[in-house]
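Printed here is final_13.tsv (TSV, C-alpha atoms and all ligand atoms):
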```
chain	number	residue	atom	x	y	z
A	401	MET	CA	0.00	0.00	0.00
A	402	ALA	CA	1.19	3.49	-0.80
A	403	GLU	CA	2.20	5.75	2.04
A	404	ALA	CA	-0.48	8.29	2.98
A	405	LYS	CA	0.37	11.97	2.83
A	406	LYS	CA	-1.20	14.46	5.15
A	407	LEU	CA	-2.64	17.47	3.38
A	408	ILE	CA	-4.42	20.38	5.01
A	409	CYS	CA	-7.37	21.55	2.93
A	410	LEU	CA	-6.46	25.11	1.96
A	411	GLU	CA	-10.17	25.99	1.79
A	412	CYS	CA	-11.50	24.70	5.12
A	413	GLY	CA	-8.37	23.76	7.10
A	414	GLN	CA	-9.35	20.11	7.52
A	415	ALA	CA	-6.51	17.57	7.62
A	416	ASN	CA	-6.85	14.93	4.90
A	417	ARG	CA	-4.83	11.79	4.26
A	418	VAL	CA	-4.14	10.97	0.63
A	419	PRO	CA	-2.25	7.89	-0.61
A	420	ALA	CA	0.98	9.09	-2.22
A	421	ASP	CA	0.10	7.45	-5.53
A	422	LYS	CA	-3.21	9.38	-5.71
A	423	LEU	CA	-1.66	12.84	-5.39
A	424	SER	CA	-1.69	13.32	-9.14
A	425	GLU	CA	-5.35	12.28	-9.45
A	426	LYS	CA	-6.90	15.54	-8.23
A	427	PRO	CA	-7.71	14.47	-4.64
A	428	LYS	CA	-10.53	16.32	-2.89
A	429	CYS	CA	-11.13	17.35	0.70
A	430	GLY	CA	-13.30	14.83	2.57
A	431	ILE	CA	-15.15	17.65	4.36
A	432	CYS	CA	-15.75	20.50	1.91
A	433	GLY	CA	-14.97	18.82	-1.43
A	434	ALA	CA	-12.41	21.45	-2.49
A	435	GLY	CA	-9.50	20.22	-4.58
A	436	LEU	CA	-6.44	19.49	-2.44
A	437	ILE	CA	-4.02	19.74	-5.35
A	438	THR	CA	-5.30	22.09	-8.00
A	439	GLY	CA	-2.29	23.61	-9.73
A	440	LYS	CA	-3.68	26.98	-8.68
A	441	VAL	CA	-2.68	29.46	-6.01
A	442	ALA	CA	-4.89	29.06	-2.94
A	443	VAL	CA	-5.86	32.21	-1.06
A	444	ILE	CA	-5.46	31.39	2.61
A	445	ASP	CA	-5.94	33.06	5.98
A	446	ALA	CA	-3.67	33.09	9.01
A	447	GLN	CA	-5.34	30.09	10.65
A	448	THR	CA	-5.06	27.86	7.58
A	449	LEU	CA	-1.47	28.98	7.07
A	450	GLY	CA	-0.64	27.97	10.64
A	451	LYS	CA	-2.08	24.48	10.11
A	452	ALA	CA	-0.65	23.89	6.64
A	453	ALA	CA	2.82	25.20	7.53
A	454	LYS	CA	2.95	22.75	10.45
A	455	GLY	CA	1.12	19.74	9.12
A	456	ASP	CA	1.54	19.29	5.39
A	457	ASP	CA	3.52	16.39	3.95
A	458	VAL	CA	3.52	18.01	0.51
A	459	PRO	CA	5.85	21.03	0.21
A	460	LEU	CA	4.02	24.34	0.53
A	461	LEU	CA	5.23	27.61	-0.96
A	462	VAL	CA	3.54	30.68	0.51
A	463	ASP	CA	3.53	34.12	-1.07
A	464	PHE	CA	3.35	36.87	1.55
A	465	TRP	CA	1.91	39.88	-0.27
A	466	ALA	CA	-0.29	42.94	0.14
A	467	PRO	CA	-2.61	44.82	-2.20
A	468	TRP	CA	-0.66	48.11	-1.80
A	469	CYS	CA	2.60	46.48	-2.91
A	470	GLY	CA	3.26	47.07	-6.62
A	471	PRO	CA	5.95	44.39	-6.98
A	472	CYS	CA	3.58	41.89	-5.33
A	473	ARG	CA	0.91	42.58	-7.93
A	474	GLN	CA	3.56	42.29	-10.63
A	475	MET	CA	4.60	38.92	-9.22
A	476	ALA	CA	1.05	37.48	-9.04
A	477	PRO	CA	0.87	36.11	-12.62
A	478	GLN	CA	4.36	34.59	-12.26
A	479	PHE	CA	3.25	32.87	-9.08
A	480	GLU	CA	0.11	31.53	-10.81
A	481	GLN	CA	2.26	30.19	-13.60
A	482	ALA	CA	4.62	28.51	-11.12
A	483	ALA	CA	1.61	26.84	-9.43
A	484	ARG	CA	0.55	25.26	-12.73
A	485	GLN	CA	4.05	24.01	-13.40
A	486	PHE	CA	4.64	22.51	-9.96
A	487	GLY	CA	1.53	20.34	-10.29
A	488	ALA	CA	1.40	17.87	-7.40
A	489	ASP	CA	5.02	18.46	-6.29
A	490	VAL	CA	4.49	21.71	-4.41
A	491	ARG	CA	1.29	23.50	-3.38
A	492	LEU	CA	1.23	27.27	-3.70
A	493	ALA	CA	-0.74	29.64	-1.52
A	494	LYS	CA	-0.84	33.35	-0.91
A	495	ILE	CA	-1.64	35.32	2.18
A	496	ASP	CA	-2.55	38.99	2.31
A	497	THR	CA	-0.36	40.52	5.03
A	498	GLN	CA	-2.57	43.59	5.16
A	499	ALA	CA	-5.67	41.54	6.01
A	500	HIS	CA	-3.59	39.30	8.33
A	501	PRO	CA	-0.94	41.64	9.79
A	502	LYS	CA	0.24	39.19	12.46
A	503	VAL	CA	1.57	36.65	9.98
A	504	ALA	CA	4.47	38.89	8.94
A	505	GLN	CA	5.59	38.90	12.57
A	506	THR	CA	4.95	35.20	13.14
A	507	TYR	CA	7.01	34.22	10.10
A	508	ARG	CA	9.50	37.12	10.42
A	509	VAL	CA	8.71	38.49	6.98
A	510	GLN	CA	10.47	41.83	6.64
A	511	GLY	CA	9.81	42.75	3.03
A	512	ILE	CA	7.25	41.64	0.49
A	513	PRO	CA	6.78	39.88	-1.76
A	514	ALA	CA	8.40	37.04	0.16
A	515	PHE	CA	8.08	33.36	-0.65
A	516	VAL	CA	8.51	30.88	2.16
A	517	LEU	CA	8.89	27.16	1.49
A	518	PHE	CA	7.61	24.77	4.17
A	519	VAL	CA	8.32	21.05	4.08
A	520	LYS	CA	6.87	18.67	6.71
A	521	GLY	CA	6.33	21.40	9.27
A	522	ARG	CA	9.63	23.17	8.80
A	523	GLU	CA	10.63	26.28	6.90
A	524	ILE	CA	13.43	25.17	4.61
A	525	ALA	CA	13.92	28.22	2.39
A	526	ARG	CA	12.71	31.71	1.64
A	527	PHE	CA	13.06	33.98	-1.32
A	528	ALA	CA	12.43	37.72	-1.37
A	529	GLY	CA	11.44	39.93	-4.24
A	530	VAL	CA	10.00	39.67	-7.72
A	531	ARG	CA	11.38	36.98	-10.02
A	532	PRO	CA	10.18	35.20	-13.13
A	533	ALA	CA	8.21	31.96	-12.65
A	534	ALA	CA	11.02	29.91	-14.22
A	535	GLN	CA	13.54	31.27	-11.74
A	536	LEU	CA	11.23	30.63	-8.79
A	537	LEU	CA	10.65	27.06	-10.02
A	538	ALA	CA	14.37	26.39	-10.29
A	539	GLU	CA	15.16	27.93	-6.89
A	540	VAL	CA	12.41	26.00	-5.11
A	541	ARG	CA	13.24	22.71	-6.84
A	542	ALA	CA	16.87	23.09	-5.75
A	543	LYS	CA	15.71	23.25	-2.10
A	544	LEU	CA	13.25	20.36	-2.15
A	545	PRO	CA	14.32	17.21	-0.31
A	546	ARG	CA	15.20	14.33	-2.60
A	547	THR	CA	12.58	11.61	-2.43
B	1	ZN	ZN	-11.89	21.30	2.86
```

Please express the file's structure as structure tokens.
Amino acid sequence: MAEAKKLICLECGQANRVPADKLSEKPKCGICGAGLITGKVAVIDAQTLGKAAKGDDVPLLVDFWAPWCGPCRQMAPQFEQAARQFGADVRLAKIDTQAHPKVAQTYRVQGIPAFVLFVKGREIARFAGVRPAAQLLAEVRAKLPRT
């Protein structure tokens, strides 16, 4: 039997267990039915971020941004593109640091946009500033644990 991966639903915050060999088959949340791996950027709040950053078995890349930040808005389409390209390897989410001001403090984010990579409950890398999707993909892939 395939190993089960724990995935926090980025819509409702529920913890789901998904067999590793089903990750590429568009698994859905057992509670709310939202896709767990969508290839899209999930918009999350502080509570969901706290759960997913601690509990996810699938790497999670979080964009800390704010609506007033021009470079963040410039980065948004690049981040969307990266989400499509990562597929089931990395989930991408964004959090609005203006709507959730405490997260910048919790995760020691000093400038935005900032991209923080969490793997199995640990921050393993962060990247600051605008960059093309291809560069972000390469930088994140270089940090991912070998499986
Ligand atoms: Zn859900």

Just the residues within 9 Å of range 413-429 of chain A, please, counting all atoms listed in the file, with nothing from its chain fewer than 2 positions along; format it as a PDB file with C-alpha atoms, keeping the file's coordinate frame.
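Everything below was put into out_7.pdb:
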```pdb
ATOM      1  CA  MET A 401       0.000   0.000   0.000  1.00  0.00           C
ATOM      2  CA  ALA A 402       1.190   3.490  -0.800  1.00  0.00           C
ATOM      3  CA  GLU A 403       2.200   5.750   2.040  1.00  0.00           C
ATOM      4  CA  ALA A 404      -0.480   8.290   2.980  1.00  0.00           C
ATOM      5  CA  LYS A 405       0.370  11.970   2.830  1.00  0.00           C
ATOM      6  CA  LYS A 406      -1.200  14.460   5.150  1.00  0.00           C
ATOM      7  CA  LEU A 407      -2.640  17.470   3.380  1.00  0.00           C
ATOM      8  CA  ILE A 408      -4.420  20.380   5.010  1.00  0.00           C
ATOM      9  CA  CYS A 409      -7.370  21.550   2.930  1.00  0.00           C
ATOM     10  CA  LEU A 410      -6.460  25.110   1.960  1.00  0.00           C
ATOM     11  CA  GLU A 411     -10.170  25.990   1.790  1.00  0.00           C
ATOM     12  CA  ILE A 431     -15.150  17.650   4.360  1.00  0.00           C
ATOM     13  CA  CYS A 432     -15.750  20.500   1.910  1.00  0.00           C
ATOM     14  CA  GLY A 433     -14.970  18.820  -1.430  1.00  0.00           C
ATOM     15  CA  ALA A 434     -12.410  21.450  -2.490  1.00  0.00           C
ATOM     16  CA  GLY A 435      -9.500  20.220  -4.580  1.00  0.00           C
ATOM     17  CA  LEU A 436      -6.440  19.490  -2.440  1.00  0.00           C
ATOM     18  CA  ILE A 437      -4.020  19.740  -5.350  1.00  0.00           C
ATOM     19  CA  THR A 438      -5.300  22.090  -8.000  1.00  0.00           C
ATOM     20  CA  GLN A 447      -5.340  30.090  10.650  1.00  0.00           C
ATOM     21  CA  THR A 448      -5.060  27.860   7.580  1.00  0.00           C
ATOM     22  CA  LEU A 449      -1.470  28.980   7.070  1.00  0.00           C
ATOM     23  CA  LYS A 451      -2.080  24.480  10.110  1.00  0.00           C
ATOM     24  CA  ALA A 452      -0.650  23.890   6.640  1.00  0.00           C
ATOM     25  CA  GLY A 455       1.120  19.740   9.120  1.00  0.00           C
ATOM     26  CA  ASP A 456       1.540  19.290   5.390  1.00  0.00           C
ATOM     27  CA  GLY A 487       1.530  20.340 -10.290  1.00  0.00           C
ATOM     28  CA  ALA A 488       1.400  17.870  -7.400  1.00  0.00           C
ATOM     29  CA  ASP A 489       5.020  18.460  -6.290  1.00  0.00           C
TER      30      ASP A 489
END
```

Do you know which residues lie at most 6 Å from (5.0, 40.6, 0.3), with coordinates as in the file and all atoms listed in the file counted, and could you write them as a list of chain:residue names?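 The answer, in the requested form, is A:Phe464, A:Trp465, A:Ala466, A:Cys472, A:Gly511, A:Ile512, A:Pro513, A:Ala514.
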
For a quick check of understanding, using only C-alpha atoms, which of A:Gly470, A:Gly430, A:Gly439, A:Pro459 has the smallest distance to Arg541 in chain A?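 Among the listed residues, A:Pro459 lies closest to Arg541 in chain A.
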
To one decimal place in Å, what is the distance between CA of Ala538 in chain A and CA of Arg473 in chain A?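 Interatomic distance here is 21.2 Å.
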
Could you list as a list in words every residue that has an atom within 8 Å of (5.0, 21.5, -1.6), using the file's coordinates and counting only C-alpha atoms?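 Protein and nucleic acid residues near the point are Asp457, Val458, Pro459, Leu460, Leu461, Ala488, Asp489, Val490, Arg491, Leu492, Leu517, Phe518 and Val519 of chain A.
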
What's around Ile444 in chain A at 7 Å? Count only C-alpha atoms, leave out sequence neighbours fewer than 6 positions away in its own chain, and write the answer as an mmCIF file with C-alpha atoms, keeping the file's coordinate frame.
```cif
data_model
loop_
_atom_site.group_PDB
_atom_site.id
_atom_site.type_symbol
_atom_site.label_atom_id
_atom_site.label_comp_id
_atom_site.auth_asym_id
_atom_site.auth_seq_id
_atom_site.Cartn_x
_atom_site.Cartn_y
_atom_site.Cartn_z
ATOM 1 C CA LEU A 410 -6.460 25.110 1.960
ATOM 2 C CA ALA A 493 -0.740 29.640 -1.520
ATOM 3 C CA LYS A 494 -0.840 33.350 -0.910
ATOM 4 C CA ILE A 495 -1.640 35.320 2.180
#
```

One decimal, Å: what's the distance from CA of His500 in chain A over to CA of Ala528 in chain A, could you say?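 Computed distance, CA of His500 in chain A to CA of Ala528 in chain A, equals 18.8 Å.
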
Between CA of Pro471 in chain A and CA of Val540 in chain A, what is the distance in Å, rounded to a tenth? 19.6 Å

Using all atoms of range 520-534 of chain A that appear in the file, construct an axis-aligned enclosing box with 3 Å of padding on every side and provide its centre coordinates and edge lengths in Å, rounded to one decimal, as JSON.
```
{"center_x": 10.1, "center_y": 29.3, "center_z": -2.5, "size_x": 13.6, "size_y": 27.3, "size_z": 29.5}
```

Nearest to Gly521 in chain A: which of A:Ala504, A:Ala499, A:Ala453, A:Met475 is it, counting all atoms listed in the file?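 The shortest atom-to-atom distance to Gly521 in chain A comes from A:Ala453.
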
Pick from A:Asp445, A:Ala542, A:Cys412, A:Lys454: nearest to Lys520 in chain A, with only C-alpha atoms counted? A:Lys454

Smallest atom-to-atom distance to Ala533 in chain A: which of A:Gln474, A:Thr506, A:Gln481, A:Gln498, using all atoms listed in the file?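 Result for the nearest residue to Ala533 in chain A: A:Gln481.
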
When you count all atoms listed in the file, which of these residues is closest to Leu536 in chain A: A:Val509, A:Val503, A:Ala483, A:Ile524?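 Counting all atoms listed in the file, the residue closest to Leu536 in chain A is A:Ala483.
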
Pick from A:Ala442, A:Glu523, A:Glu480, A:Arg546 nearest to ligand ZN 1 (chain B), counting only C-alpha atoms and all ligand atoms: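 Counting only C-alpha atoms and all ligand atoms, the residue closest to ligand ZN 1 (chain B) is A:Ala442.
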